[in-house]
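Chemist: Below is one structure. I have some questions about it.
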Amino acid sequence: MDESLRPRLRSPAKFVLVDLFTPAAALALLAGALAVQALTALPSRWVDLATGIAGLCVAMLRSRWRWLGLLLLGAAWTLLRADLALSQRLPVALEGEDLVVTGAIVGLPRVQDDSTRFDFAVKTAEKDGATVALVGVLRLSWYQHAPELQACSQWRLRLRLKRPRGMVNPGGFDFERYALEQGIVATGYVREDSDNASSGSDAVCVDRLRMRIGQDIASTLGPGPAADLLRALAFGDQHAMDEHEWAVARATGIPHLIAISGLHIALFASFGVFLVRGLWKLVPRLTLRWPAPLIEALVSLLFGTVYAMLAGFGLPTRRALVMIAALLIANLARRARAPAQGLALAAIALLAWNPLCVLSAGFWLSFVGVGWLMLCLGGSTRRRAWWRELATAQGVASLGLLPLSIWFFGQSSLIGPLANLVAVPWICFLVLPLTVLASLIVLIAPALGAPLLQVAGWAMQALWWVLERMASWPGSLWFFPEPAPWALVLAMLGALCLLLPRGVPARALGLLLLLPLLWPARAPLADGEFETYMLDVGQGLAMVVRTREHTLVYDAGARYPSGFDLGDAAVVPTLHALGITRVDRMILSHGDNDHAGGAPAILAAYPAIPVESGEPERVQVPAAQCLAGETWSWNGVVFGIVHPHLPLSERDNDRCCVIYVRSGDSELVLSGDITSAVEGEVAAALVPIAPLLVLQVPHHGSKTSSEAGFIEALRPAYALVSAGYRNHFNHPNPVVVARYAEAGANLANTAQSGFVDMRFSADAPPQIIERGRIDRHPYWRE
């Protein structure tokens, strides 16, 4: 028969066994899943279905186009899963409504100074007695009179919820992406209600066991870093660590040891293999009855699964377990004739299980890290000392993952390779196994397990003593500006060049390809130009004004009793993302927490900043009194203070430090929280008023500010409001919004737009360069 007449379709079995489980197939599926993440909106499910059918048909062809088919299959599966996940979010009509929800607590509750926070898996939901459609996980806070919550306990609660929504700032954490990845469908809080009650607990609950183990560790070792770190390292209770401990971990590059990952699961799976091999040596005849590779694989998978459950079975843990299981199955089925095939099978298994795992930094760091090690060390047959192998592996991983670390976190530990050279063997072969063993013994025989747990604590304390001193070395942690996508691609190619074998010509050119990571993606400013960022800090205020060589921070956002600090979470990451290495001045308008609470965090990141405030006696950092009449010039841009005046008769909001920033006919006025009582005085002090004026709307758009006369006097071209999404103050007030609209002002509200970036120059009108929530709009962001 003529070969040209043979069907060009592969059989399904051959497609699955031959074509699908290859590195090229894994890359094609991964490319499809990754392509979806570039969309700003998801298509209809008919498009998902059509893409999947087309991809399957093309993938079955015996031609080079089958890789395009696999790419379409990966995209279709990701589109469908993303669509399903987004459709499960709380309906908009139920935001802010009281719902009665039954369900169970998942994970470990986190007791904080102002509340208890926990995740809640929904079973049923009602509104006014009628059932509503709500499934998934809720992230909740119980603020007042919270009882002692137990893991796995079932509750009937009155809740007030909203859809997942985070703050959008340069270099900031994307909570909405995180919520999509974690399956969180709403956030909210428990309403006080006499009917809030527990209805028991699950009979079998691993999280309750984890909670008890954490309490045993804390009671045995007492308060301090040793107990906190052992709970995080061994059992995934990362909330046990405080801010200082996290800062040391980041500076020394060991967060990958704290996040339960493939390293931990593989370690305990290996213990299972060693146990079985020890049994074979004791009783060799057993290998005649049971195939050794099969038993070793099953026992290692059992050990890994048990430890994953003790570590919380979180998403990174499940991802690591799926990866290891796929590798074991590949070896048993003799499908992994090379390590790359095993890695490809693991990637395919993860994408089939949950293609939204590509949203996680851990997914990319895990697979790319293992890929670099296979590429650089997998073919070596020379036997070297273990410490040289470890040092080489650390060097390869640090250099190979540097671009991804900067892309996801904006920072990199320069001492990380050295710190990990000490920390990895110490934790993996001493602290971790000893802690897990001792903790399990404590459950059965406390008198026997407590001394072992104390030894683990001493070992952890000794390592921590070393890491704290390393973290204090100058330049231990470097921050990088927010890179452009093309800079990431070039940097990955640069890392590949640098990791090529010795003797390959022009390896050093890889250093040039890494250089774009050091360049801020923003266009530089000329003399007479300035740029301002109104940051998205919820119900508060934080602004950054920069000229060509100087930077001013005006207000710092809030710090809450829970420890959440917007100075640390919003302002400092923005400064790093913009490539700002020095802050020349910080002005805190007044002493309210929503304006000045984050100041200590900013000073910790940028020491020795001169600080002024309208109420220096109320702020938590040393500050001079801000007074009207002071002016200065940076790079052709004039700054001036117009309020308050001596004598200081006003209090609270009306003591705000009000400043202007002017270049030619363009002017920015930062008014803090002033009220109508002093608006006339401020307007008079701004005369002559620039024709192209941008106003930070006083007091978040409260009805006690922005009187019609004040707006008429300033005639702002733009009015910028900093307010929280669905805030209970109803800021900005609709009457105030109407006043600005009548005056012809373009109003931008951070609650709807995220951060607002504006550029000013002497010879052009001010213009909005970017609105974070609108211009950076991946499909998961509302």
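Identifiers in the structure tokens: chain A, B, ... in order shown; residue index from 1 per chain; ligand index from 1 in order shown.
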List as JSON lines every residue of region 432-525 of chain A that is in contact with region 160-177 of chain A, defined as an atom at most 10 Å from one of its atoms (using only C-alpha atoms), together with the nearest atom pair and the distance in Å rounded to one decimal, sorted by chain and then rising number.
Modeler:
{"residue": "A:Phe480", "atom": "CA", "partner": "A:Gly171", "partner_atom": "CA", "distance": 9.9}
{"residue": "A:Pro481", "atom": "CA", "partner": "A:Gly171", "partner_atom": "CA", "distance": 8.4}
{"residue": "A:Glu482", "atom": "CA", "partner": "A:Gly171", "partner_atom": "CA", "distance": 6.4}
{"residue": "A:Pro483", "atom": "CA", "partner": "A:Gly171", "partner_atom": "CA", "distance": 9.8}
Chemist: Which residues are close to Asp195 (chain A), i.e. within 12 Å by only C-alpha atoms, leaving aside same-chain residues fewer than 4 positions away? Reply as number ranges by chain.
Modeler: A: 100-102, 155-159, 190-191, 199
Chemist: Work out how far apart CA of Gln154 (chain A) and CA of Asp98 (chain A) are and give it in Å to one decimal.
Modeler: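 Going from CA of Gln154 (chain A) over to CA of Asp98 (chain A) covers 19.1 Å.
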Chemist: Quick one: residues within 9 Å of Leu514 (chain A), only C-alpha atoms counted, chain neighbours fewer than 2 positions away excluded, as a PyMOL selection string?
Modeler: chain A and resi 403+487-488+490-495+510-512+516-518
Chemist: Convert the current residue selection to file output with N, CA, C and O atoms, as a PDB file, in the first residue's frame.
Modeler:
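out.pdb written:
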ATOM      1  N   PRO A 403      17.292  35.391  37.632  1.00  0.00           N
ATOM      2  CA  PRO A 403      16.286  36.169  36.895  1.00  0.00           C
ATOM      3  C   PRO A 403      14.861  35.949  37.403  1.00  0.00           C
ATOM      4  O   PRO A 403      14.088  36.898  37.528  1.00  0.00           O
ATOM      5  N   ALA A 487      13.427  41.897  29.499  1.00  0.00           N
ATOM      6  CA  ALA A 487      14.628  41.818  30.332  1.00  0.00           C
ATOM      7  C   ALA A 487      14.742  40.452  30.991  1.00  0.00           C
ATOM      8  O   ALA A 487      15.847  39.906  31.135  1.00  0.00           O
ATOM      9  N   LEU A 488      13.592  39.871  31.386  1.00  0.00           N
ATOM     10  CA  LEU A 488      13.613  38.528  31.968  1.00  0.00           C
ATOM     11  C   LEU A 488      14.100  37.507  30.950  1.00  0.00           C
ATOM     12  O   LEU A 488      14.929  36.639  31.277  1.00  0.00           O
ATOM     13  N   LEU A 490      16.007  37.974  28.293  1.00  0.00           N
ATOM     14  CA  LEU A 490      17.451  38.156  28.073  1.00  0.00           C
ATOM     15  C   LEU A 490      18.252  37.624  29.255  1.00  0.00           C
ATOM     16  O   LEU A 490      19.317  37.014  29.072  1.00  0.00           O
ATOM     17  N   ALA A 491      17.760  37.858  30.464  1.00  0.00           N
ATOM     18  CA  ALA A 491      18.494  37.402  31.645  1.00  0.00           C
ATOM     19  C   ALA A 491      18.544  35.877  31.719  1.00  0.00           C
ATOM     20  O   ALA A 491      19.563  35.299  32.119  1.00  0.00           O
ATOM     21  N   MET A 492      17.457  35.202  31.332  1.00  0.00           N
ATOM     22  CA  MET A 492      17.479  33.739  31.311  1.00  0.00           C
ATOM     23  C   MET A 492      18.486  33.231  30.288  1.00  0.00           C
ATOM     24  O   MET A 492      19.216  32.249  30.538  1.00  0.00           O
ATOM     25  N   LEU A 493      18.557  33.887  29.121  1.00  0.00           N
ATOM     26  CA  LEU A 493      19.566  33.513  28.127  1.00  0.00           C
ATOM     27  C   LEU A 493      20.971  33.788  28.655  1.00  0.00           C
ATOM     28  O   LEU A 493      21.903  33.012  28.407  1.00  0.00           O
ATOM     29  N   GLY A 494      21.115  34.904  29.394  1.00  0.00           N
ATOM     30  CA  GLY A 494      22.409  35.206  29.991  1.00  0.00           C
ATOM     31  C   GLY A 494      22.838  34.161  31.000  1.00  0.00           C
ATOM     32  O   GLY A 494      24.013  33.747  31.030  1.00  0.00           O
ATOM     33  N   ALA A 495      21.899  33.711  31.823  1.00  0.00           N
ATOM     34  CA  ALA A 495      22.227  32.654  32.785  1.00  0.00           C
ATOM     35  C   ALA A 495      22.625  31.377  32.061  1.00  0.00           C
ATOM     36  O   ALA A 495      23.558  30.671  32.478  1.00  0.00           O
ATOM     37  N   GLY A 510      27.186  36.483  28.632  1.00  0.00           N
ATOM     38  CA  GLY A 510      26.002  36.302  29.469  1.00  0.00           C
ATOM     39  C   GLY A 510      25.849  37.402  30.502  1.00  0.00           C
ATOM     40  O   GLY A 510      24.729  37.765  30.874  1.00  0.00           O
ATOM     41  N   LEU A 511      26.973  37.959  30.966  1.00  0.00           N
ATOM     42  CA  LEU A 511      26.902  39.059  31.929  1.00  0.00           C
ATOM     43  C   LEU A 511      26.206  40.276  31.321  1.00  0.00           C
ATOM     44  O   LEU A 511      25.449  40.974  31.999  1.00  0.00           O
ATOM     45  N   LEU A 512      26.458  40.528  30.047  1.00  0.00           N
ATOM     46  CA  LEU A 512      25.804  41.656  29.392  1.00  0.00           C
ATOM     47  C   LEU A 512      24.289  41.448  29.304  1.00  0.00           C
ATOM     48  O   LEU A 512      23.516  42.396  29.414  1.00  0.00           O
ATOM     49  N   PRO A 516      20.176  44.228  31.791  1.00  0.00           N
ATOM     50  CA  PRO A 516      18.851  44.872  31.774  1.00  0.00           C
ATOM     51  C   PRO A 516      18.049  44.698  33.057  1.00  0.00           C
ATOM     52  O   PRO A 516      17.122  45.466  33.312  1.00  0.00           O
ATOM     53  N   LEU A 517      18.389  43.688  33.865  1.00  0.00           N
ATOM     54  CA  LEU A 517      17.699  43.529  35.142  1.00  0.00           C
ATOM     55  C   LEU A 517      17.951  44.711  36.070  1.00  0.00           C
ATOM     56  O   LEU A 517      17.175  44.952  37.001  1.00  0.00           O
ATOM     57  N   LEU A 518      19.041  45.440  35.840  1.00  0.00           N
ATOM     58  CA  LEU A 518      19.387  46.572  36.691  1.00  0.00           C
ATOM     59  C   LEU A 518      18.736  47.863  36.227  1.00  0.00           C
ATOM     60  O   LEU A 518      18.815  48.878  36.934  1.00  0.00           O
TER      61      LEU A 518
END
Chemist: Using Å and a single decimal, report how far CA of Leu714 (chain A) sits from CA of Pro691 (chain A).
Modeler: 8.6 Å
Chemist: Compare A:Ser219, A:Thr51, A:Asn354, A:Ser153 by their minimum atom-to-atom distance to Ala82 (chain A), counting only C-alpha atoms, and give me the closest one.
Modeler: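 Closest residue, counting only C-alpha atoms: A:Asn354.
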Chemist: Quick check for you: according to DSSP on this backbone, which residues of region 544-706 of chain A are classed as strand (DSSP E)? Reply as a ChimeraX atom specification.
Modeler: /A:544-546,551-556,585-588,611-613,624-625,631-634,637-643,658-663,666-670,692-696
Chemist: Find the residues around Val276 (chain A) up to 9 Å (only C-alpha atoms counted), leave out those fewer than 2 positions away in its own chain, and share them as a ChimeraX atom specification.
Modeler: /A:271-274,278-281,292,295-296,299-300
Chemist: Would you kindly return, as a list in words, each protein, DNA or RNA residue with an atom no farther than 6 Å from any atom of region 542-553 of chain A, considering only C-alpha atoms and excluding same-chain residues fewer than 4 positions away?
Modeler: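 Residues near the query, excluding close chain neighbours: Leu525, Ala526, Phe530, Glu531, Thr532, Tyr533, Met534, Leu535, Gly557, Val583, Asp584, Arg585 and Met586 of chain A.
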Chemist: Please dump the current selection as a tab-separated table (two decimals), in the first residue's frame; keep all heavy atoms.
Modeler:
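As written to disk, out.tsv reads:
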chain	number	residue	atom	x	y	z
A	525	LEU	N	13.63	60.85	34.01
A	525	LEU	CA	13.08	62.21	34.06
A	525	LEU	C	14.16	63.22	33.72
A	525	LEU	O	15.33	63.03	34.04
A	525	LEU	CB	12.54	62.50	35.47
A	525	LEU	CG	11.35	61.66	35.92
A	525	LEU	CD1	11.09	61.87	37.41
A	525	LEU	CD2	10.11	61.99	35.11
A	526	ALA	N	13.76	64.31	33.07
A	526	ALA	CA	14.68	65.41	32.76
A	526	ALA	C	14.52	66.50	33.80
A	526	ALA	O	13.60	66.48	34.63
A	526	ALA	CB	14.37	65.96	31.36
A	530	PHE	N	8.74	66.03	36.94
A	530	PHE	CA	8.60	65.21	38.14
A	530	PHE	C	7.44	64.23	37.93
A	530	PHE	O	6.59	64.41	37.05
A	530	PHE	CB	8.42	66.05	39.40
A	530	PHE	CG	7.12	66.80	39.50
A	530	PHE	CD1	6.03	66.26	40.18
A	530	PHE	CD2	6.98	68.08	38.95
A	530	PHE	CE1	4.84	66.96	40.31
A	530	PHE	CE2	5.79	68.78	39.07
A	530	PHE	CZ	4.70	68.22	39.75
A	531	GLU	N	7.44	63.20	38.74
A	531	GLU	CA	6.45	62.13	38.63
A	531	GLU	C	5.90	61.86	40.01
A	531	GLU	O	6.62	61.91	41.00
A	531	GLU	CB	7.11	60.88	38.05
A	531	GLU	CG	6.15	59.81	37.58
A	531	GLU	CD	6.84	58.71	36.78
A	531	GLU	OE1	8.09	58.63	36.85
A	531	GLU	OE2	6.15	57.97	36.07
A	532	THR	N	4.61	61.59	40.10
A	532	THR	CA	4.01	61.25	41.39
A	532	THR	C	3.25	59.94	41.28
A	532	THR	O	2.65	59.63	40.25
A	532	THR	CB	3.07	62.37	41.89
A	532	THR	OG1	2.63	62.05	43.21
A	532	THR	CG2	1.85	62.53	40.99
A	533	TYR	N	3.29	59.17	42.35
A	533	TYR	CA	2.54	57.93	42.46
A	533	TYR	C	1.63	58.05	43.67
A	533	TYR	O	2.11	58.23	44.79
A	533	TYR	CB	3.48	56.73	42.66
A	533	TYR	CG	4.34	56.41	41.48
A	533	TYR	CD1	5.52	57.11	41.24
A	533	TYR	CD2	3.98	55.42	40.58
A	533	TYR	CE1	6.32	56.82	40.16
A	533	TYR	CE2	4.77	55.12	39.48
A	533	TYR	CZ	5.94	55.82	39.28
A	533	TYR	OH	6.73	55.54	38.19
A	534	MET	N	0.33	58.00	43.44
A	534	MET	CA	-0.60	57.80	44.56
A	534	MET	C	-0.77	56.30	44.70
A	534	MET	O	-1.31	55.63	43.81
A	534	MET	CB	-1.95	58.47	44.31
A	534	MET	CG	-2.98	58.16	45.39
A	534	MET	SD	-4.53	59.07	45.20
A	534	MET	CE	-4.12	60.57	46.07
A	535	LEU	N	-0.30	55.76	45.81
A	535	LEU	CA	-0.28	54.31	45.99
A	535	LEU	C	-1.64	53.81	46.47
A	535	LEU	O	-2.41	54.53	47.11
A	535	LEU	CB	0.81	53.91	46.98
A	535	LEU	CG	2.23	54.36	46.60
A	535	LEU	CD1	3.24	53.77	47.57
A	535	LEU	CD2	2.57	53.96	45.18
A	557	GLY	N	0.83	55.36	54.77
A	557	GLY	CA	-0.13	54.29	54.94
A	557	GLY	C	-0.22	53.85	56.38
A	557	GLY	O	0.43	54.40	57.27
A	583	VAL	N	15.86	57.92	49.60
A	583	VAL	CA	14.73	58.82	49.83
A	583	VAL	C	15.28	60.06	50.54
A	583	VAL	O	15.92	59.96	51.59
A	583	VAL	CB	13.63	58.14	50.68
A	583	VAL	CG1	12.51	59.14	51.00
A	583	VAL	CG2	13.07	56.94	49.95
A	584	ASP	N	15.04	61.22	49.95
A	584	ASP	CA	15.64	62.46	50.46
A	584	ASP	C	14.81	63.11	51.56
A	584	ASP	O	15.36	63.87	52.38
A	584	ASP	CB	15.83	63.45	49.32
A	584	ASP	CG	16.74	62.90	48.23
A	584	ASP	OD1	17.97	62.98	48.41
A	584	ASP	OD2	16.23	62.37	47.23
A	585	ARG	N	13.51	62.83	51.60
A	585	ARG	CA	12.67	63.50	52.57
A	585	ARG	C	11.37	62.73	52.71
A	585	ARG	O	10.84	62.18	51.74
A	585	ARG	CB	12.38	64.93	52.10
A	585	ARG	CG	11.92	65.89	53.19
A	585	ARG	CD	12.01	67.32	52.66
A	585	ARG	NE	11.80	68.30	53.69
A	585	ARG	CZ	12.06	69.59	53.54
A	585	ARG	NH1	12.56	70.04	52.40
A	585	ARG	NH2	11.84	70.44	54.52
A	586	MET	N	10.85	62.71	53.95
A	586	MET	CA	9.53	62.12	54.18
A	586	MET	C	8.70	63.12	54.99
A	586	MET	O	9.16	63.63	56.02
A	586	MET	CB	9.62	60.79	54.93
A	586	MET	CG	8.25	60.17	55.21
A	586	MET	SD	8.29	58.39	55.53
A	586	MET	CE	9.33	58.33	56.99
